[in-house]
$ cat model34.cif   # mmCIF, C-alpha atoms and all ligand atoms
data_upload
loop_
_atom_site.label_atom_id
_atom_site.label_comp_id
_atom_site.auth_asym_id
_atom_site.auth_seq_id
_atom_site.Cartn_x
_atom_site.Cartn_y
_atom_site.Cartn_z
CA MET A 1 0.00 0.00 0.00
CA HIS A 2 2.88 2.29 0.81
CA ASP A 3 4.27 1.76 -2.71
CA PHE A 4 0.89 2.46 -4.23
CA SER A 5 0.56 5.77 -2.42
CA THR A 6 4.15 6.95 -2.95
CA THR A 7 4.00 6.21 -6.66
CA LEU A 8 0.54 7.78 -6.96
CA TYR A 9 1.64 11.04 -5.28
CA ARG A 10 4.76 11.27 -7.43
CA TRP A 11 2.63 10.76 -10.53
CA TYR A 12 0.18 13.42 -9.29
CA HIS A 13 2.84 16.05 -8.71
CA GLN A 14 4.22 15.47 -12.18
CA ASN A 15 0.93 15.23 -14.07
CA LYS A 16 -1.77 17.21 -12.32
CA ARG A 17 -3.66 19.74 -14.35
CA ASP A 18 -3.40 23.39 -13.51
CA LEU A 19 -7.03 24.03 -12.50
CA PRO A 20 -8.33 27.23 -10.86
CA TRP A 21 -9.89 25.51 -7.82
CA ARG A 22 -6.58 23.80 -7.03
CA LYS A 23 -5.14 27.20 -6.08
CA THR A 24 -7.52 27.82 -3.21
CA LYS A 25 -8.53 26.40 0.15
CA ASP A 26 -11.70 28.47 0.24
CA PRO A 27 -14.45 25.92 1.03
CA TYR A 28 -17.00 27.96 -0.91
CA LYS A 29 -14.98 27.78 -4.14
CA ILE A 30 -14.11 24.11 -3.63
CA TRP A 31 -17.79 23.40 -3.09
CA ILE A 32 -18.76 25.18 -6.32
CA SER A 33 -16.09 23.31 -8.30
CA GLU A 34 -17.11 19.94 -6.87
CA ILE A 35 -20.78 20.49 -7.64
CA ILE A 36 -20.02 21.63 -11.20
CA LEU A 37 -17.73 18.65 -11.76
CA GLN A 38 -20.24 16.08 -10.48
CA GLN A 39 -21.73 15.55 -13.91
CA THR A 40 -19.57 17.71 -16.11
CA ARG A 41 -16.18 17.21 -17.74
CA VAL A 42 -13.34 19.43 -16.53
CA ALA A 43 -12.90 21.08 -19.94
CA GLN A 44 -16.49 22.33 -19.97
CA GLY A 45 -16.77 22.86 -16.20
CA THR A 46 -13.76 25.20 -15.90
CA ASP A 47 -15.39 28.06 -17.81
CA TYR A 48 -18.61 27.66 -15.85
CA TYR A 49 -16.64 27.66 -12.59
CA ARG A 50 -14.82 30.87 -13.55
CA ARG A 51 -18.04 32.64 -14.54
CA PHE A 52 -19.83 31.43 -11.42
CA VAL A 53 -17.25 32.56 -8.88
CA LYS A 54 -16.80 35.84 -10.75
CA LYS A 55 -20.52 36.61 -10.54
CA PHE A 56 -20.94 35.16 -7.03
CA PRO A 57 -17.51 35.49 -5.37
CA ASN A 58 -18.75 34.44 -1.94
CA ILE A 59 -21.57 32.69 -0.14
CA ARG A 60 -23.43 35.90 0.65
CA GLN A 61 -23.57 37.04 -2.98
CA LEU A 62 -24.92 33.65 -4.02
CA ALA A 63 -27.48 33.60 -1.22
CA VAL A 64 -28.97 36.99 -2.16
CA ALA A 65 -29.11 36.28 -5.92
CA ARG A 66 -32.41 35.61 -7.66
CA GLU A 67 -32.92 31.97 -8.62
CA ASN A 68 -33.30 32.83 -12.31
CA GLU A 69 -29.86 34.51 -12.25
CA VAL A 70 -28.28 31.37 -10.81
CA LEU A 71 -30.04 29.10 -13.29
CA LYS A 72 -29.11 31.40 -16.13
CA LEU A 73 -25.44 31.04 -15.27
CA TRP A 74 -25.91 27.28 -15.14
CA GLN A 75 -27.56 27.16 -18.55
CA GLY A 76 -26.16 24.40 -20.74
CA LEU A 77 -24.61 22.44 -17.87
CA GLY A 78 -27.67 20.26 -17.23
CA TYR A 79 -28.77 18.73 -13.93
CA TYR A 80 -30.23 22.03 -12.82
CA SER A 81 -31.11 20.71 -9.38
CA ARG A 82 -27.39 21.22 -8.66
CA ALA A 83 -27.77 24.99 -9.13
CA ARG A 84 -31.01 25.15 -7.16
CA ASN A 85 -29.42 23.22 -4.29
CA LEU A 86 -26.31 25.47 -4.30
CA HIS A 87 -28.55 28.48 -4.01
CA PHE A 88 -30.63 26.89 -1.23
CA ALA A 89 -27.56 25.74 0.72
CA ALA A 90 -25.95 29.20 0.44
CA LYS A 91 -29.02 30.64 2.18
CA THR A 92 -28.77 27.94 4.85
CA ILE A 93 -25.14 28.86 5.51
CA ILE A 94 -26.09 32.53 5.89
CA ASN A 95 -29.08 31.83 8.12
CA GLU A 96 -27.83 28.96 10.24
CA TYR A 97 -24.04 29.28 10.23
CA HIS A 98 -23.70 33.11 10.26
CA GLY A 99 -22.23 32.96 6.77
CA GLU A 100 -19.32 30.72 7.80
CA PHE A 101 -18.94 27.54 5.79
CA PRO A 102 -19.41 24.59 8.21
CA ALA A 103 -16.05 23.02 9.05
CA THR A 104 -16.92 19.42 9.93
CA TYR A 105 -17.76 16.53 7.64
CA GLU A 106 -21.09 15.90 9.40
CA GLU A 107 -22.22 19.53 9.13
CA ILE A 108 -21.14 19.80 5.50
CA LEU A 109 -23.10 16.64 4.72
CA LYS A 110 -26.28 18.24 6.06
CA LEU A 111 -26.27 20.92 3.36
CA LYS A 112 -28.71 20.40 0.54
CA GLY A 113 -27.24 18.70 -2.54
CA ILE A 114 -24.14 17.44 -0.74
CA GLY A 115 -23.61 13.69 -0.50
CA ASN A 116 -20.81 11.63 1.02
CA TYR A 117 -18.44 12.17 -1.85
CA THR A 118 -18.77 15.97 -1.99
CA ALA A 119 -18.67 16.33 1.80
CA ALA A 120 -15.44 14.31 1.89
CA ALA A 121 -13.91 16.31 -0.95
CA ILE A 122 -14.66 19.66 0.74
CA ALA A 123 -13.70 18.45 4.24
CA SER A 124 -10.37 17.04 3.05
CA ILE A 125 -9.34 19.80 0.64
CA ALA A 126 -10.53 22.86 2.58
CA PHE A 127 -10.16 21.62 6.17
CA SER A 128 -7.56 18.79 5.89
CA LEU A 129 -9.95 16.28 7.46
CA PRO A 130 -9.12 12.63 6.64
CA PHE A 131 -12.25 11.55 4.74
CA PRO A 132 -11.77 9.62 1.50
CA ALA A 133 -13.73 11.02 -1.45
CA ILE A 134 -14.85 8.11 -3.60
CA ASP A 135 -16.17 8.97 -7.03
CA GLY A 136 -16.32 6.86 -10.21
CA ASN A 137 -12.63 7.51 -10.90
CA VAL A 138 -11.61 6.28 -7.47
CA TYR A 139 -13.77 3.14 -7.69
CA ARG A 140 -12.11 2.31 -11.01
CA VAL A 141 -8.55 2.79 -9.75
CA LEU A 142 -9.12 0.80 -6.57
CA SER A 143 -11.02 -1.97 -8.30
CA ARG A 144 -8.38 -2.45 -10.97
CA TYR A 145 -5.24 -1.97 -8.93
CA PHE A 146 -6.34 -4.06 -5.92
CA GLY A 147 -8.43 -6.52 -7.95
CA ILE A 148 -11.80 -5.99 -6.26
CA ASP A 149 -14.68 -7.43 -8.29
CA LEU A 150 -17.53 -6.62 -5.92
CA PRO A 151 -20.07 -4.45 -7.80
CA ILE A 152 -19.39 -0.79 -7.09
CA ASP A 153 -23.14 -0.10 -6.91
CA SER A 154 -23.90 -2.87 -4.38
CA THR A 155 -24.04 -2.37 -0.61
CA SER A 156 -21.29 -4.90 0.05
CA GLY A 157 -19.13 -3.39 -2.70
CA LYS A 158 -19.54 0.15 -1.40
CA LYS A 159 -18.59 -1.02 2.09
CA GLU A 160 -15.48 -2.81 0.90
CA PHE A 161 -14.28 0.10 -1.23
CA ALA A 162 -14.95 2.58 1.60
CA LYS A 163 -12.89 0.45 3.99
CA LEU A 164 -9.95 0.24 1.60
CA ALA A 165 -10.14 3.96 0.74
CA ALA A 166 -10.10 4.84 4.46
CA GLU A 167 -6.99 2.70 4.99
CA LEU A 168 -5.23 4.44 2.13
CA ILE A 169 -5.97 8.06 3.06
CA HIS A 170 -2.99 10.28 3.79
CA LEU A 171 -3.56 11.59 7.31
CA GLU A 172 -1.49 14.77 6.98
CA ASP A 173 -2.59 15.73 3.51
CA PRO A 174 -5.93 14.06 2.77
CA GLY A 175 -6.88 16.76 0.26
CA MET A 176 -3.86 16.04 -1.90
CA HIS A 177 -4.49 12.29 -1.57
CA ASN A 178 -8.11 12.55 -2.74
CA GLN A 179 -7.22 14.79 -5.63
CA ALA A 180 -4.39 12.49 -6.67
CA MET A 181 -6.73 9.47 -6.72
CA MET A 182 -9.34 11.29 -8.76
CA GLU A 183 -6.83 12.81 -11.16
CA PHE A 184 -5.18 9.45 -11.73
CA GLY A 185 -8.56 7.93 -12.61
CA ALA A 186 -9.40 10.86 -14.86
CA LEU A 187 -6.14 10.96 -16.79
CA GLN A 188 -4.32 7.62 -16.56
CA CYS A 189 -6.62 4.82 -15.43
CA VAL A 190 -9.48 5.96 -17.68
CA PRO A 191 -12.56 3.79 -18.41
CA LYS A 192 -11.65 2.82 -21.99
CA ASN A 193 -8.11 2.09 -23.17
CA PRO A 194 -6.28 3.21 -20.02
CA GLY A 195 -2.61 4.07 -20.35
CA CYS A 196 -1.37 0.85 -18.74
CA LEU A 197 1.89 0.70 -20.63
CA SER A 198 2.95 4.13 -19.43
CA CYS A 199 1.42 3.65 -15.97
CA PRO A 200 3.89 3.85 -13.07
CA LEU A 201 1.74 1.32 -11.17
CA HIS A 202 1.56 -1.39 -13.80
CA ASP A 203 4.23 -3.63 -12.18
CA SER A 204 1.98 -4.19 -9.19
CA CYS A 205 -1.50 -3.69 -10.74
CA PHE A 206 -3.78 -6.72 -10.33
CA ALA A 207 -5.96 -6.02 -13.37
CA PHE A 208 -2.97 -5.40 -15.63
CA GLU A 209 -1.23 -8.59 -14.56
CA LYS A 210 -4.37 -10.75 -14.92
CA GLN A 211 -5.56 -8.98 -18.08
CA LEU A 212 -8.77 -7.91 -16.38
CA VAL A 213 -8.53 -4.21 -17.10
CA ASP A 214 -11.57 -4.24 -19.38
CA TYR A 215 -13.67 -6.17 -16.84
CA LEU A 216 -13.11 -4.02 -13.79
CA PRO A 217 -14.85 -2.30 -12.11
CA VAL A 218 -18.03 -4.42 -12.06
CA LYS A 219 -21.50 -2.85 -12.01
CA GLU A 220 -24.66 -4.58 -10.86
CA LYS A 221 -27.41 -2.79 -12.67
CA LYS A 222 -27.52 -1.04 -15.94
CA LYS A 223 -30.20 1.63 -16.00
CA LYS A 224 -32.50 1.53 -18.99
CA GLN A 225 -32.95 4.72 -20.86
CA GLY A 226 -36.60 5.68 -21.28
CA GLU A 227 -37.79 7.65 -24.29
CA ARG A 228 -39.94 10.77 -24.05
CA PHE A 229 -41.67 12.75 -26.77
CA PHE A 230 -41.78 16.53 -26.43
CA TYR A 231 -43.84 18.80 -28.69
CA TYR A 232 -43.11 22.47 -28.09
CA TYR A 233 -45.55 25.10 -29.33
CA LEU A 234 -43.94 28.31 -30.46
CA PHE A 235 -46.61 30.99 -30.72
CA GLU A 236 -45.46 34.23 -32.32
CA LYS A 237 -47.16 37.57 -32.50
CA GLY A 238 -44.73 39.93 -34.21
CA PRO A 239 -41.66 40.13 -31.96
CA VAL A 240 -43.47 38.48 -29.05
CA ILE A 241 -43.30 34.78 -28.24
CA TYR A 242 -44.58 32.84 -25.21
CA PHE A 243 -42.77 30.91 -22.51
CA GLU A 244 -43.93 28.75 -19.65
CA LYS A 245 -42.00 27.88 -16.51
CA ARG A 246 -41.33 24.21 -15.80
CA ILE A 247 -42.70 23.12 -12.48
CA GLY A 248 -43.03 19.79 -10.67
CA ASN A 249 -40.41 17.22 -9.90
CA ASP A 250 -39.03 16.61 -13.32
CA ILE A 251 -35.94 17.56 -15.28
CA TRP A 252 -35.23 21.28 -15.79
CA LYS A 253 -37.41 22.43 -12.90
CA ASN A 254 -37.91 26.23 -12.86
CA LEU A 255 -36.37 26.68 -16.29
CA TYR A 256 -38.35 28.32 -19.09
CA GLN A 257 -39.50 26.79 -22.36
CA PHE A 258 -41.98 27.13 -25.21
CA PRO A 259 -45.28 25.69 -23.98
CA LEU A 260 -44.86 21.96 -24.05
CA SER A 261 -47.17 19.09 -24.76
CA GLU A 262 -45.61 15.76 -23.86
CA GLU A 263 -46.98 12.65 -25.54
CA PRO A 264 -46.67 9.04 -24.40
CA HIS A 265 -45.59 7.98 -27.92
CA GLU A 266 -44.26 9.56 -31.05
CA LEU A 267 -46.69 11.53 -33.27
CA SER A 268 -46.48 11.71 -37.05
CA GLU A 269 -46.72 15.13 -38.72
CA LYS A 270 -50.29 14.37 -39.69
CA GLU A 271 -51.20 13.52 -36.10
CA ILE A 272 -49.58 16.72 -34.85
CA LEU A 273 -51.61 18.79 -37.32
CA ARG A 274 -54.85 16.99 -36.53
CA LYS A 275 -54.45 17.41 -32.78
CA LYS A 276 -56.51 20.10 -31.06
CA LEU A 277 -54.18 23.02 -30.47
CA PRO A 278 -53.17 23.23 -26.81
CA PHE A 279 -52.56 26.53 -24.96
CA ILE A 280 -55.02 28.42 -27.09
CA GLU A 281 -58.69 29.17 -26.56
CA ASN A 282 -60.91 29.14 -29.62
CA GLY A 283 -58.87 31.63 -31.54
CA PRO A 284 -57.18 31.63 -34.88
CA ALA A 285 -53.58 30.51 -35.20
CA THR A 286 -51.78 30.13 -38.49
CA PHE A 287 -49.55 27.15 -38.86
CA VAL A 288 -46.01 28.14 -40.00
CA SER A 289 -43.80 25.04 -39.76
CA ILE A 290 -42.78 21.94 -37.84
CA SER A 291 -39.12 21.46 -37.07
CA THR A 292 -37.36 18.18 -37.71
CA LYS A 293 -37.06 15.76 -34.81
CA ARG A 294 -34.21 16.52 -32.44
CA LYS A 295 -32.68 13.83 -30.25
CA HIS A 296 -31.49 14.96 -26.83
CA VAL A 297 -29.75 12.41 -24.67
CA LEU A 298 -29.76 12.71 -20.88
CA THR A 299 -28.35 10.15 -18.48
CA HIS A 300 -31.48 8.07 -18.01
CA GLN A 301 -33.72 9.29 -20.77
CA ILE A 302 -33.78 10.16 -24.42
CA ILE A 303 -35.91 13.08 -25.44
CA TRP A 304 -37.28 13.41 -28.95
CA ALA A 305 -38.40 16.97 -29.49
CA ARG A 306 -40.05 19.02 -32.22
CA VAL A 307 -41.14 22.63 -32.36
CA ILE A 308 -44.49 23.53 -33.92
CA ARG A 309 -44.40 27.14 -35.02
CA LEU A 310 -47.62 29.15 -35.21
CA GLU A 311 -48.56 32.76 -35.74
CA ILE A 312 -51.32 34.44 -33.83
CA SER A 313 -52.80 37.86 -34.48
CA ASP A 314 -54.73 38.19 -31.25
CA ASP A 315 -52.99 37.58 -27.93
CA THR A 316 -56.24 37.29 -26.03
CA VAL A 317 -56.63 33.75 -27.40
CA ILE A 318 -53.49 32.52 -25.72
CA ASN A 319 -53.60 30.77 -22.35
CA LYS A 320 -53.22 33.38 -19.61
CA ALA A 321 -50.65 31.33 -17.70
CA LEU A 322 -48.12 31.75 -20.51
CA ILE A 323 -45.52 34.50 -20.28
CA PRO A 324 -45.21 36.90 -23.23
CA VAL A 325 -41.55 37.60 -24.00
CA ASN A 326 -40.01 39.88 -26.57
CA LYS A 327 -37.58 37.84 -28.69
CA LYS A 328 -34.78 40.27 -27.92
CA ASP A 329 -35.20 39.46 -24.21
CA ILE A 330 -35.07 35.67 -24.37
CA SER A 331 -31.45 35.62 -23.26
CA LYS A 332 -32.63 36.84 -19.83
CA PHE A 333 -34.42 33.54 -19.25
CA ALA A 334 -32.74 30.34 -18.13
CA VAL A 335 -33.70 27.66 -20.64
CA PRO A 336 -32.62 24.04 -21.17
CA ARG A 337 -29.84 23.38 -23.65
CA LEU A 338 -32.35 21.62 -25.91
CA LEU A 339 -34.26 24.86 -26.35
CA GLU A 340 -31.09 26.81 -27.02
CA LEU A 341 -30.39 24.43 -29.89
CA PHE A 342 -33.81 25.26 -31.30
CA PHE A 343 -33.01 28.98 -30.90
CA ASP A 344 -29.90 28.35 -33.01
CA GLU A 345 -31.99 26.55 -35.59
CA LEU A 346 -34.36 29.54 -35.70
CA LYS A 347 -31.28 31.78 -36.00
CA TRP A 348 -32.17 33.68 -32.84
CA ASN A 349 -29.05 35.05 -31.27
CA THR A 350 -29.16 34.49 -27.54
S1 LIG B 401 -1.84 -0.49 -14.98
FE1 LIG B 401 -3.63 0.15 -16.10
S2 LIG B 401 -5.35 -0.64 -14.90
FE2 LIG B 401 -3.56 -0.71 -13.59
S3 LIG B 401 -3.62 1.21 -12.44
FE3 LIG B 401 -2.34 1.55 -14.23
S4 LIG B 401 -3.72 2.37 -15.78
FE4 LIG B 401 -4.99 1.43 -14.20
#
$ encode --input "model34.cif" --output "structure tokens"
Amino acid sequence: MHDFSTTLYRWYHQNKRDLPWRKTKDPYKIWISEIILQQTRVAQGTDYYRRFVKKFPNIRQLAVARENEVLKLWQGLGYYSRARNLHFAAKTIINEYHGEFPATYEEILKLKGIGNYTAAAIASIAFSLPFPAIDGNVYRVLSRYFGIDLPIDSTSGKKEFAKLAAELIHLEDPGMHNQAMMEFGALQCVPKNPGCLSCPLHDSCFAFEKQLVDYLPVKEKKKKQGERFFYYYLFEKGPVIYFEKRIGNDIWKNLYQFPLSEEPHELSEKEILRKKLPFIENGPATFVSISTKRKHVLTHQIIWARVIRLEISDDTVINKALIPVNKKDISKFAVPRLLELFFDELKWNT
């Protein structure tokens, strides 16, 4: 184990990427970076991180922001509950911790949107507390190097990996240790075609020796991706279009969109045209066009979306719950990436 750690740290010091959040011990900034990086690649996440901490340089500024501002900054990153939880937790820190970021693992874990992994990452990096942060990268490295074939998503597997990770943690510099593990998994011991031949650990790596690199780590369940069919209605009256706000416990909560009709199965063009027009009350609407089908892949679902474009001459016919928006103002609204792609298709500059 000693050899593993010494070699890993040497590798880390020689290969680590120069990332903005590695230059700080500010728990607020580490928190933001960890949340952004939960489901986002570093290359994309870095720009978002810079913009976020520029606009909200501390907890207080984030706590007093309007939710739409926070979501707007998050636009394109997906998993918007991350942004909503950041905002909520910032308010908690102001109200319950006098604006001071909590400094124990247990207290950090209580904040909304923070699980074991993120709490351990913040506690170790910002406060030098010896908690191992175990993300997908770490599971992969441990499973391959130590030859553990228990499923990483099973209770027994999680327990075993947590025990091993706790034994390995560097007590004086747990933040460096956690970052080294994650960086090694992200750059060297990657999921497909890892760099085994150039790997400084290959002499003692179980998976490399037994030719099991492609089989480890093991996963118990593979989630099925469900398909959904979205039909957006774009009503236009001169420069004015209409948005609705997404509510309920679904993807993209509190983001804005063209009024949406979701169908349980795919509709042909004929079926779309024959359907009674939603969002409109007995008034005239002139059909303009139907966009081609756009495929949008999320982690556990595939969305097939089309935009039905209509012109109206009388705004009294439109459902009162919809929000009239001048096209030049659409950039002020946080919208899902899928809708932005339709804006591009319509050649609207946002
Ligand atoms: S030898 Fe290959 S599988 Fe083993 S730790 Fe190195 S990169 Fe990972």
$ atom_distance --input "model34.cif" --atom1 "atom CA of A:Gly283" --atom2 "atom CA of A:Glu236"
13.7 Å
$ residues_near_ligand --input "model34.cif" --ligand "ligand LIG 401 (chain B)" --cutoff "6 Å" --atoms "all atoms listed in the file" --output "ChimeraX atom specification"
/A:141,144-145,188-189,194-196,199,201-202,205,207-208,213
$ residues_near_point --input "model34.cif" --point "(-18.8, 30.1, -13.9)" --cutoff "12 Å" --atoms "all atoms listed in the file" --output "ChimeraX atom specification"
/A:20-21,29,32-33,35-37,44-57,70-77,83
$ residues_around --input "model34.cif" --residues "A:Ile152" --least-positions-apart "6" --cutoff "10 Å" --atoms "only C-alpha atoms" --output "ChimeraX atom specification"
/A:136,139-140,143,158-161,216-221
$ closest_residue --input "model34.cif" --among "A:Gly78, A:Gly99, A:Gly226, A:Pro27" --to "A:Ala119" --atoms "only C-alpha atoms"
A:Pro27
$ residues_around --input "model34.cif" --residues "A:Ala103" --least-positions-apart "4" --cutoff "9 Å" --atoms "all atoms listed in the file" --output "VMD selection string"
chain A and resid 27 107 to 108 123 126 to 127
$ atom_distance --input "model34.cif" --atom1 "atom CA of A:Glu271" --atom2 "atom CA of A:Ala285"
17.2 Å
$ closest_residue --input "model34.cif" --among "A:Asp153, A:Lys245, A:Leu8, A:Gly147" --to "A:Ile169" --atoms "all atoms listed in the file"
A:Leu8
$ residues_around --input "model34.cif" --residues "A:Ile247" --least-positions-apart "4" --cutoff "12 Å" --atoms "only C-alpha atoms" --output "ChimeraX atom specification"
/A:251-257,260
$ residues_near_point --input "model34.cif" --point "(-32.0, 22.8, -29.5)" --cutoff "10 Å" --atoms "all atoms listed in the file" --output "tab-separated table (two decimals) with C-alpha atoms, in the coordinates of the input"
chain	number	residue	atom	x	y	z
A	294	ARG	CA	-34.21	16.52	-32.44
A	295	LYS	CA	-32.68	13.83	-30.25
A	296	HIS	CA	-31.49	14.96	-26.83
A	305	ALA	CA	-38.40	16.97	-29.49
A	306	ARG	CA	-40.05	19.02	-32.22
A	307	VAL	CA	-41.14	22.63	-32.36
A	336	PRO	CA	-32.62	24.04	-21.17
A	337	ARG	CA	-29.84	23.38	-23.65
A	338	LEU	CA	-32.35	21.62	-25.91
A	339	LEU	CA	-34.26	24.86	-26.35
A	340	GLU	CA	-31.09	26.81	-27.02
A	341	LEU	CA	-30.39	24.43	-29.89
A	342	PHE	CA	-33.81	25.26	-31.30
A	343	PHE	CA	-33.01	28.98	-30.90
A	344	ASP	CA	-29.90	28.35	-33.01
A	345	GLU	CA	-31.99	26.55	-35.59
A	346	LEU	CA	-34.36	29.54	-35.70
$ atom_distance --input "model34.cif" --atom1 "atom CA of A:Val240" --atom2 "atom CA of A:Pro278"
18.2 Å
$ closest_residue --input "model34.cif" --among "A:Ser261, A:Thr118, A:Ser204, A:Thr6" --to "A:Leu277" --atoms "all atoms listed in the file"
A:Ser261
$ residues_around --input "model34.cif" --residues "A:Ala321" --least-positions-apart "6" --cutoff "12 Å" --atoms "only C-alpha atoms" --output "ChimeraX atom specification"
/A:242-246,259,279-280
$ write_last_selection --input "model34.cif" --atoms "C-alpha atoms" --output "PDB file, in the coordinates of the input"
ATOM      1  CA  TYR A 242     -44.580  32.840 -25.210  1.00  0.00           C
ATOM      2  CA  PHE A 243     -42.770  30.910 -22.510  1.00  0.00           C
ATOM      3  CA  GLU A 244     -43.930  28.750 -19.650  1.00  0.00           C
ATOM      4  CA  LYS A 245     -42.000  27.880 -16.510  1.00  0.00           C
ATOM      5  CA  ARG A 246     -41.330  24.210 -15.800  1.00  0.00           C
ATOM      6  CA  PRO A 259     -45.280  25.690 -23.980  1.00  0.00           C
ATOM      7  CA  PHE A 279     -52.560  26.530 -24.960  1.00  0.00           C
ATOM      8  CA  ILE A 280     -55.020  28.420 -27.090  1.00  0.00           C
TER       9      ILE A 280
END
$ closest_residue --input "model34.cif" --among "A:Lys275, A:Arg228, A:Arg84, A:Lys328" --to "A:Val297" --atoms "all atoms listed in the file"
A:Arg228
$ closest_residue --input "model34.cif" --among "A:Tyr117, A:Phe333, A:Tyr231, A:Trp348" --to "A:Ser291" --atoms "only C-alpha atoms"
A:Tyr231
$ closest_residue --input "model34.cif" --among "A:Phe229, A:Ala180, A:Gly185, A:Asp149" --to "A:Glu262" --atoms "all atoms listed in the file"
A:Phe229
$ residues_around --input "model34.cif" --residues "A:Leu164" --least-positions-apart "6" --cutoff "10 Å" --atoms "only C-alpha atoms" --output "list of chain:residue names"
A:Pro132, A:Leu142, A:Phe146
$ decode --input "model34.cif" --residues "stretch 81-98 of chain A" --atoms "N, CA and C atoms" --output "PDB file, in the first residue's frame"
ATOM      1  N   SER A  81     -30.882  20.784 -10.820  1.00  0.00           N
ATOM      2  CA  SER A  81     -31.113  20.710  -9.379  1.00  0.00           C
ATOM      3  C   SER A  81     -29.814  21.066  -8.644  1.00  0.00           C
ATOM      4  N   ARG A  82     -28.664  20.849  -9.292  1.00  0.00           N
ATOM      5  CA  ARG A  82     -27.390  21.222  -8.657  1.00  0.00           C
ATOM      6  C   ARG A  82     -27.369  22.723  -8.344  1.00  0.00           C
ATOM      7  N   ALA A  83     -27.802  23.523  -9.319  1.00  0.00           N
ATOM      8  CA  ALA A  83     -27.774  24.986  -9.131  1.00  0.00           C
ATOM      9  C   ALA A  83     -28.798  25.407  -8.083  1.00  0.00           C
ATOM     10  N   ARG A  84     -29.979  24.795  -8.142  1.00  0.00           N
ATOM     11  CA  ARG A  84     -31.013  25.153  -7.161  1.00  0.00           C
ATOM     12  C   ARG A  84     -30.550  24.792  -5.745  1.00  0.00           C
ATOM     13  N   ASN A  85     -29.906  23.629  -5.616  1.00  0.00           N
ATOM     14  CA  ASN A  85     -29.419  23.221  -4.292  1.00  0.00           C
ATOM     15  C   ASN A  85     -28.284  24.127  -3.796  1.00  0.00           C
ATOM     16  N   LEU A  86     -27.395  24.540  -4.693  1.00  0.00           N
ATOM     17  CA  LEU A  86     -26.313  25.466  -4.296  1.00  0.00           C
ATOM     18  C   LEU A  86     -26.926  26.734  -3.702  1.00  0.00           C
ATOM     19  N   HIS A  87     -27.908  27.238  -4.411  1.00  0.00           N
ATOM     20  CA  HIS A  87     -28.554  28.477  -4.005  1.00  0.00           C
ATOM     21  C   HIS A  87     -29.216  28.297  -2.633  1.00  0.00           C
ATOM     22  N   PHE A  88     -29.929  27.187  -2.488  1.00  0.00           N
ATOM     23  CA  PHE A  88     -30.627  26.889  -1.233  1.00  0.00           C
ATOM     24  C   PHE A  88     -29.619  26.747  -0.080  1.00  0.00           C
ATOM     25  N   ALA A  89     -28.546  25.989  -0.335  1.00  0.00           N
ATOM     26  CA  ALA A  89     -27.559  25.743   0.723  1.00  0.00           C
ATOM     27  C   ALA A  89     -26.823  27.039   1.098  1.00  0.00           C
ATOM     28  N   ALA A  90     -26.616  27.925   0.128  1.00  0.00           N
ATOM     29  CA  ALA A  90     -25.951  29.203   0.441  1.00  0.00           C
ATOM     30  C   ALA A  90     -26.804  29.981   1.445  1.00  0.00           C
ATOM     31  N   LYS A  91     -28.123  29.940   1.245  1.00  0.00           N
ATOM     32  CA  LYS A  91     -29.024  30.642   2.179  1.00  0.00           C
ATOM     33  C   LYS A  91     -28.959  29.978   3.554  1.00  0.00           C
ATOM     34  N   THR A  92     -28.885  28.650   3.579  1.00  0.00           N
ATOM     35  CA  THR A  92     -28.773  27.937   4.853  1.00  0.00           C
ATOM     36  C   THR A  92     -27.505  28.375   5.591  1.00  0.00           C
ATOM     37  N   ILE A  93     -26.407  28.486   4.853  1.00  0.00           N
ATOM     38  CA  ILE A  93     -25.138  28.862   5.508  1.00  0.00           C
ATOM     39  C   ILE A  93     -25.240  30.270   6.104  1.00  0.00           C
ATOM     40  N   ILE A  94     -25.908  31.162   5.368  1.00  0.00           N
ATOM     41  CA  ILE A  94     -26.088  32.526   5.893  1.00  0.00           C
ATOM     42  C   ILE A  94     -26.986  32.506   7.144  1.00  0.00           C
ATOM     43  N   ASN A  95     -28.092  31.787   7.030  1.00  0.00           N
ATOM     44  CA  ASN A  95     -29.084  31.829   8.120  1.00  0.00           C
ATOM     45  C   ASN A  95     -28.701  31.007   9.342  1.00  0.00           C
ATOM     46  N   GLU A  96     -28.073  29.866   9.106  1.00  0.00           N
ATOM     47  CA  GLU A  96     -27.834  28.965  10.244  1.00  0.00           C
ATOM     48  C   GLU A  96     -26.379  28.902  10.691  1.00  0.00           C
ATOM     49  N   TYR A  97     -25.468  29.358   9.863  1.00  0.00           N
ATOM     50  CA  TYR A  97     -24.042  29.281  10.233  1.00  0.00           C
ATOM     51  C   TYR A  97     -23.383  30.669  10.195  1.00  0.00           C
ATOM     52  N   HIS A  98     -24.188  31.710  10.279  1.00  0.00           N
ATOM     53  CA  HIS A  98     -23.700  33.105  10.264  1.00  0.00           C
ATOM     54  C   HIS A  98     -22.779  33.365   9.078  1.00  0.00           C
TER      55      HIS A  98
END
